[in-house]
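Asks: Got a structure for you, written out below as structure tokens; questions coming shortly.
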Amino acid sequence: METLDAIRARRNVRDYTADPVSDEDLSRIAEAGWRAPSASNRQHWDFVVVTDRGQLAELATVWQSASHIARAAAAIALVVPRPADDRQAALDQYDLGQATYAMMLAATDLGIGTGHSSVGDHDKARALLGVPATHDVAYLLGVGYPADRPLRPVARPNRRPFDEVVHRGRW
Ligand SMILES: Cc1cc2nc3c(=O)[nH]c(=O)nc-3n(C[C@H](O)[C@H](O)[C@H](O)COP(=O)(O)O)c2cc1C
């Protein structure tokens, strides 16, 4: 898929077929996160790739809008060290967003759907994944083949009007 087509086709996929995602494709998706830019190249992230059905079912309970994780073929947990201060926390969140989006686009390119989930119960998420107390599970990304429709460029995305958002030269 062309990069721009992948950007246009990506959407949150929350219903997945029962087909597994190969280890090779999961590694390609994780590679995209690994290659993502970060402030000062600090790479304040670790990724935990989960395919065990029991773990996925439990992860689906760590947030009120995480239920799609139980239906996913896999999940990628984005883990971040506890930040030292507000500045570090803001940089971490920016960096995690870039890594997340890189993984989502790589998955789209492979015809694989992804769906974000926040994390509410951090203690449970940490325990499920064996993450040390020095770190938090910041986000989960459900991964699987879309059960609703294939990933094709979305003609009219649910977004604010382009000309309202994009300013040229001045606000
Ligand atoms: C920081 C962040 C947290 C999100 N958390 C959740 C979540 O917990 N559960 C969920 O189903 N979707 C979650 N989403 C997905 C957004 O709702 C979704 O990206 C947005 O509605 C736009 O839809 P699209 O991704 O299909 O274009 C999250 C997205 C972001 C960027």
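Note on naming: chains are A, B, ... as they come in the structure tokens, residues start from 1 per chain, ligands start from 1 in the order shown.
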Name the residues, by chain letter and number, that sit within 7 Å of ligand 1 using only C-alpha atoms and all ligand atoms, and give them as a ChimeraX atom specification.
Replies: /A:10-14,63,65-66,115-119
Asks: What does the file look like for those residues with N, CA and C atoms, as a PDB file, in the first residue's frame?
Replies:
```pdb
ATOM      1  N   ARG A  10      -6.237   3.969   7.518  1.00  0.00           N
ATOM      2  CA  ARG A  10      -6.192   3.634   8.943  1.00  0.00           C
ATOM      3  C   ARG A  10      -7.408   4.159   9.674  1.00  0.00           C
ATOM      4  N   ARG A  11      -7.957   3.351  10.490  1.00  0.00           N
ATOM      5  CA  ARG A  11      -9.064   3.741  11.372  1.00  0.00           C
ATOM      6  C   ARG A  11      -9.002   2.816  12.562  1.00  0.00           C
ATOM      7  N   ASN A  12      -9.674   3.174  13.635  1.00  0.00           N
ATOM      8  CA  ASN A  12      -9.702   2.263  14.779  1.00  0.00           C
ATOM      9  C   ASN A  12     -10.536   1.043  14.419  1.00  0.00           C
ATOM     10  N   VAL A  13      -9.921  -0.103  14.483  1.00  0.00           N
ATOM     11  CA  VAL A  13     -10.610  -1.378  14.253  1.00  0.00           C
ATOM     12  C   VAL A  13     -10.796  -2.030  15.621  1.00  0.00           C
ATOM     13  N   ARG A  14     -12.047  -2.332  15.937  1.00  0.00           N
ATOM     14  CA  ARG A  14     -12.353  -2.903  17.259  1.00  0.00           C
ATOM     15  C   ARG A  14     -13.034  -4.263  17.149  1.00  0.00           C
ATOM     16  N   TRP A  63      -9.538  -1.170  31.430  1.00  0.00           N
ATOM     17  CA  TRP A  63     -10.094   0.141  31.105  1.00  0.00           C
ATOM     18  C   TRP A  63     -11.502  -0.072  30.588  1.00  0.00           C
ATOM     19  N   SER A  65     -13.074   1.144  28.153  1.00  0.00           N
ATOM     20  CA  SER A  65     -13.193   1.058  26.684  1.00  0.00           C
ATOM     21  C   SER A  65     -12.080   0.196  26.095  1.00  0.00           C
ATOM     22  N   ALA A  66     -11.770  -0.886  26.803  1.00  0.00           N
ATOM     23  CA  ALA A  66     -10.712  -1.803  26.337  1.00  0.00           C
ATOM     24  C   ALA A  66     -11.275  -3.135  25.869  1.00  0.00           C
ATOM     25  N   GLY A 115      -6.480  -1.001  17.170  1.00  0.00           N
ATOM     26  CA  GLY A 115      -7.382  -0.166  17.956  1.00  0.00           C
ATOM     27  C   GLY A 115      -6.759   0.205  19.283  1.00  0.00           C
ATOM     28  N   HIS A 116      -6.704   1.539  19.530  1.00  0.00           N
ATOM     29  CA  HIS A 116      -6.125   2.004  20.802  1.00  0.00           C
ATOM     30  C   HIS A 116      -6.963   1.550  21.992  1.00  0.00           C
ATOM     31  N   SER A 117      -6.333   1.444  23.121  1.00  0.00           N
ATOM     32  CA  SER A 117      -7.034   1.474  24.396  1.00  0.00           C
ATOM     33  C   SER A 117      -6.183   2.192  25.425  1.00  0.00           C
ATOM     34  N   SER A 118      -6.832   3.031  26.196  1.00  0.00           N
ATOM     35  CA  SER A 118      -6.174   3.603  27.362  1.00  0.00           C
ATOM     36  C   SER A 118      -6.069   2.533  28.445  1.00  0.00           C
ATOM     37  N   VAL A 119      -5.424   2.874  29.541  1.00  0.00           N
ATOM     38  CA  VAL A 119      -5.305   1.974  30.689  1.00  0.00           C
ATOM     39  C   VAL A 119      -5.781   2.735  31.919  1.00  0.00           C
TER      40      VAL A 119
END
```
Asks: For A:His44, find every residue with an atom within 9 Å (counting only C-alpha atoms), except residues of its own chain fewer than 6 positions away, and show them as number ranges by chain.
Replies: A: 38, 79-81, 92, 95-96
Asks: DSSP says strand (DSSP E or B) for which residues of stretch 42-82 of chain A? Put them as a VMD selection string?
Replies: chain A and resid 46 to 50 74 to 81
Asks: Where does DSSP see helix (DSSP H, G or I) in stretch 46-104 of chain A, if you list the residues as number ranges by chain?
Replies: A: 53-59, 67-71, 86-104
Asks: Include C-alpha atoms and write out the residues we just selected as an mmCIF file, in the first residue's frame.
Replies:
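So part32.cif came out as:
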```
data_model
loop_
_atom_site.group_PDB
_atom_site.id
_atom_site.type_symbol
_atom_site.label_atom_id
_atom_site.label_comp_id
_atom_site.auth_asym_id
_atom_site.auth_seq_id
_atom_site.Cartn_x
_atom_site.Cartn_y
_atom_site.Cartn_z
ATOM 1 C CA ARG A 53 -5.962 -15.427 24.830
ATOM 2 C CA GLY A 54 -6.162 -15.469 28.617
ATOM 3 C CA GLN A 55 -3.865 -12.458 28.915
ATOM 4 C CA LEU A 56 -5.828 -10.612 26.208
ATOM 5 C CA ALA A 57 -9.110 -11.287 28.032
ATOM 6 C CA GLU A 58 -7.656 -9.936 31.268
ATOM 7 C CA LEU A 59 -6.086 -6.892 29.588
ATOM 8 C CA SER A 67 -13.192 -4.579 25.524
ATOM 9 C CA HIS A 68 -11.921 -4.892 21.932
ATOM 10 C CA ILE A 69 -8.599 -6.182 23.269
ATOM 11 C CA ALA A 70 -10.339 -9.472 24.201
ATOM 12 C CA ARG A 71 -11.371 -9.933 20.546
ATOM 13 C CA ASP A 86 5.855 17.246 34.074
ATOM 14 C CA ARG A 87 8.196 18.148 31.205
ATOM 15 C CA GLN A 88 9.332 14.520 30.899
ATOM 16 C CA ALA A 89 5.743 13.328 31.119
ATOM 17 C CA ALA A 90 4.688 15.620 28.256
ATOM 18 C CA LEU A 91 7.589 14.457 26.086
ATOM 19 C CA ASP A 92 6.816 10.822 26.884
ATOM 20 C CA GLN A 93 3.192 11.202 25.822
ATOM 21 C CA TYR A 94 4.224 12.884 22.545
ATOM 22 C CA ASP A 95 6.758 10.127 21.848
ATOM 23 C CA LEU A 96 4.309 7.346 22.682
ATOM 24 C CA GLY A 97 1.816 8.868 20.263
ATOM 25 C CA GLN A 98 4.371 8.814 17.480
ATOM 26 C CA ALA A 99 5.314 5.185 18.191
ATOM 27 C CA THR A 100 1.650 4.217 18.329
ATOM 28 C CA TYR A 101 0.839 5.877 15.035
ATOM 29 C CA ALA A 102 3.890 4.351 13.328
ATOM 30 C CA MET A 103 2.700 0.904 14.416
ATOM 31 C CA MET A 104 -0.850 1.625 13.287
#
```
Asks: Between atom CA of A:Pro83 and atom CA of A:Tyr139, measure the distance and give it in Å to one decimal.
Replies: 15.2 Å
Asks: Go through A:Leu4, A:Val50, A:Ala77, A:Val154 one by one, measure the shortest atom-to-atom distance of each to A:Leu141 using only C-alpha atoms, and give the residue with the smallest value.
Replies: A:Ala77
Asks: Have a look at atom CA of A:Ile112 and atom CA of A:Ile29 and let me know their distance in Å, one decimal.
Replies: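 Interatomic distance, atom CA of A:Ile112 to atom CA of A:Ile29: 9.6 Å.
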Asks: For A:Thr17, find every residue with an atom within 12 Å (counting only C-alpha atoms), except residues of its own chain fewer than 3 positions away, and show them as a ChimeraX atom specification.
Replies: /A:13-14,20-21,68,70-74,112-113,143-150
Asks: Produce a file of the selected residues containing C-alpha atoms, as a PDB file, in the first residue's frame.
Replies:
```
ATOM      1  CA  VAL A  13     -10.610  -1.378  14.253  1.00  0.00           C
ATOM      2  CA  ARG A  14     -12.353  -2.903  17.259  1.00  0.00           C
ATOM      3  CA  PRO A  20      -4.008 -15.038  13.908  1.00  0.00           C
ATOM      4  CA  VAL A  21      -1.472 -12.376  12.968  1.00  0.00           C
ATOM      5  CA  HIS A  68     -11.921  -4.892  21.932  1.00  0.00           C
ATOM      6  CA  ALA A  70     -10.339  -9.472  24.201  1.00  0.00           C
ATOM      7  CA  ARG A  71     -11.371  -9.933  20.546  1.00  0.00           C
ATOM      8  CA  ALA A  72      -7.978  -9.037  19.081  1.00  0.00           C
ATOM      9  CA  ALA A  73      -5.500 -11.569  17.740  1.00  0.00           C
ATOM     10  CA  ALA A  74      -2.796  -9.726  19.647  1.00  0.00           C
ATOM     11  CA  ILE A 112      -4.097  -5.506   9.658  1.00  0.00           C
ATOM     12  CA  GLY A 113      -6.366  -3.443  11.889  1.00  0.00           C
ATOM     13  CA  VAL A 143      -4.119  -5.920  16.573  1.00  0.00           C
ATOM     14  CA  GLY A 144      -6.071  -8.174  14.221  1.00  0.00           C
ATOM     15  CA  TYR A 145      -7.682  -8.571  10.822  1.00  0.00           C
ATOM     16  CA  PRO A 146     -10.801  -6.373  10.538  1.00  0.00           C
ATOM     17  CA  ALA A 147     -14.078  -8.295  10.821  1.00  0.00           C
ATOM     18  CA  ASP A 148     -16.231  -5.410   9.570  1.00  0.00           C
ATOM     19  CA  ARG A 149     -14.665  -4.318   6.265  1.00  0.00           C
ATOM     20  CA  PRO A 150     -11.200  -4.272   4.723  1.00  0.00           C
TER      21      PRO A 150
END
```
Asks: Taking 6 positions as the minimum chain separation for residues in the same chain, which residues sit within 6 Å of A:Leu78 when counting only C-alpha atoms? Answer as a compact mmCIF listing (two decimals) with C-alpha atoms, in the first residue's frame.
Replies:
```txt
# COMPACT_ATOMS: atom_id res chain seq x y z
CA PHE A 47 6.61 -2.80 23.80
CA VAL A 137 1.57 0.46 30.91
CA ALA A 138 0.53 3.64 29.13
CA TYR A 139 -1.60 2.29 26.27
```
Asks: Extract, using only C-alpha atoms, all DNA, RNA and protein residues at most 8 Å from stretch 24-28 of chain A, discarding same-chain residues fewer than 6 positions from it, and format them as a ChimeraX atom specification.
Replies: /A:49,106-107,110
Asks: Please produce a file of the residues just selected, as a tab-separated table (two decimals), in the first residue's frame, where the atoms kept are C-alpha atoms.
Replies:
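Now in result.tsv:
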```
chain	number	residue	atom	x	y	z
A	49	VAL	CA	3.53	-8.15	22.36
A	106	ALA	CA	2.62	-0.31	9.46
A	107	ALA	CA	-0.27	-2.59	10.40
A	110	LEU	CA	-0.20	-5.09	5.95
```
Asks: Enter the distance from atom CA of A:Ala6 to atom CA of A:Asp19, in Å, rounded to one decimal.
Replies: 21.1 Å
Asks: Can you pull out the residues contacting A:Pro132? Cut-off 12 Å, using only C-alpha atoms, and skip same-chain residues under 3 positions away; I want them as a PDB file with N, CA and C atoms, in the first residue's frame.
Replies:
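For reference, part.pdb as written:
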```
ATOM      1  N   ASP A  46       8.988   0.647  26.025  1.00  0.00           N
ATOM      2  CA  ASP A  46       9.155  -0.780  25.756  1.00  0.00           C
ATOM      3  C   ASP A  46       7.810  -1.258  25.232  1.00  0.00           C
ATOM      4  N   VAL A  79       4.814   0.561  27.106  1.00  0.00           N
ATOM      5  CA  VAL A  79       5.238   0.718  28.497  1.00  0.00           C
ATOM      6  C   VAL A  79       6.227   1.880  28.583  1.00  0.00           C
ATOM      7  N   VAL A  80       6.048   2.704  29.605  1.00  0.00           N
ATOM      8  CA  VAL A  80       6.873   3.907  29.739  1.00  0.00           C
ATOM      9  C   VAL A  80       7.431   3.990  31.158  1.00  0.00           C
ATOM     10  N   PRO A  81       8.683   4.430  31.329  1.00  0.00           N
ATOM     11  CA  PRO A  81       9.184   4.637  32.690  1.00  0.00           C
ATOM     12  C   PRO A  81       8.402   5.759  33.374  1.00  0.00           C
ATOM     13  N   ARG A  82       8.222   5.645  34.677  1.00  0.00           N
ATOM     14  CA  ARG A  82       7.561   6.733  35.404  1.00  0.00           C
ATOM     15  C   ARG A  82       8.349   8.024  35.199  1.00  0.00           C
ATOM     16  N   HIS A 122      -3.771   0.594  36.397  1.00  0.00           N
ATOM     17  CA  HIS A 122      -2.344   0.433  36.072  1.00  0.00           C
ATOM     18  C   HIS A 122      -1.711  -0.719  36.843  1.00  0.00           C
ATOM     19  N   ASP A 123      -2.141  -0.932  38.081  1.00  0.00           N
ATOM     20  CA  ASP A 123      -1.561  -2.031  38.860  1.00  0.00           C
ATOM     21  C   ASP A 123      -1.851  -3.378  38.197  1.00  0.00           C
ATOM     22  N   LYS A 124      -3.106  -3.533  37.750  1.00  0.00           N
ATOM     23  CA  LYS A 124      -3.478  -4.805  37.114  1.00  0.00           C
ATOM     24  C   LYS A 124      -2.726  -5.002  35.795  1.00  0.00           C
ATOM     25  N   ALA A 125      -2.648  -3.947  34.998  1.00  0.00           N
ATOM     26  CA  ALA A 125      -1.943  -4.055  33.711  1.00  0.00           C
ATOM     27  C   ALA A 125      -0.485  -4.425  33.944  1.00  0.00           C
ATOM     28  N   ARG A 126       0.130  -3.786  34.931  1.00  0.00           N
ATOM     29  CA  ARG A 126       1.528  -4.065  35.244  1.00  0.00           C
ATOM     30  C   ARG A 126       1.696  -5.520  35.679  1.00  0.00           C
ATOM     31  N   ALA A 127       0.789  -5.984  36.537  1.00  0.00           N
ATOM     32  CA  ALA A 127       0.885  -7.358  37.045  1.00  0.00           C
ATOM     33  C   ALA A 127       0.690  -8.367  35.912  1.00  0.00           C
ATOM     34  N   LEU A 128      -0.270  -8.118  35.040  1.00  0.00           N
ATOM     35  CA  LEU A 128      -0.554  -9.054  33.941  1.00  0.00           C
ATOM     36  C   LEU A 128       0.642  -9.234  33.016  1.00  0.00           C
ATOM     37  N   LEU A 129       1.414  -8.161  32.870  1.00  0.00           N
ATOM     38  CA  LEU A 129       2.505  -8.180  31.886  1.00  0.00           C
ATOM     39  C   LEU A 129       3.878  -8.288  32.549  1.00  0.00           C
ATOM     40  N   HIS A 135       7.793   1.374  36.020  1.00  0.00           N
ATOM     41  CA  HIS A 135       7.207   1.671  34.711  1.00  0.00           C
ATOM     42  C   HIS A 135       5.680   1.591  34.779  1.00  0.00           C
ATOM     43  N   ASP A 136       5.024   2.236  33.794  1.00  0.00           N
ATOM     44  CA  ASP A 136       3.572   2.132  33.643  1.00  0.00           C
ATOM     45  C   ASP A 136       3.234   1.578  32.263  1.00  0.00           C
ATOM     46  N   VAL A 137       2.134   0.836  32.206  1.00  0.00           N
ATOM     47  CA  VAL A 137       1.570   0.460  30.912  1.00  0.00           C
ATOM     48  C   VAL A 137       0.705   1.649  30.482  1.00  0.00           C
TER      49      VAL A 137
END
```
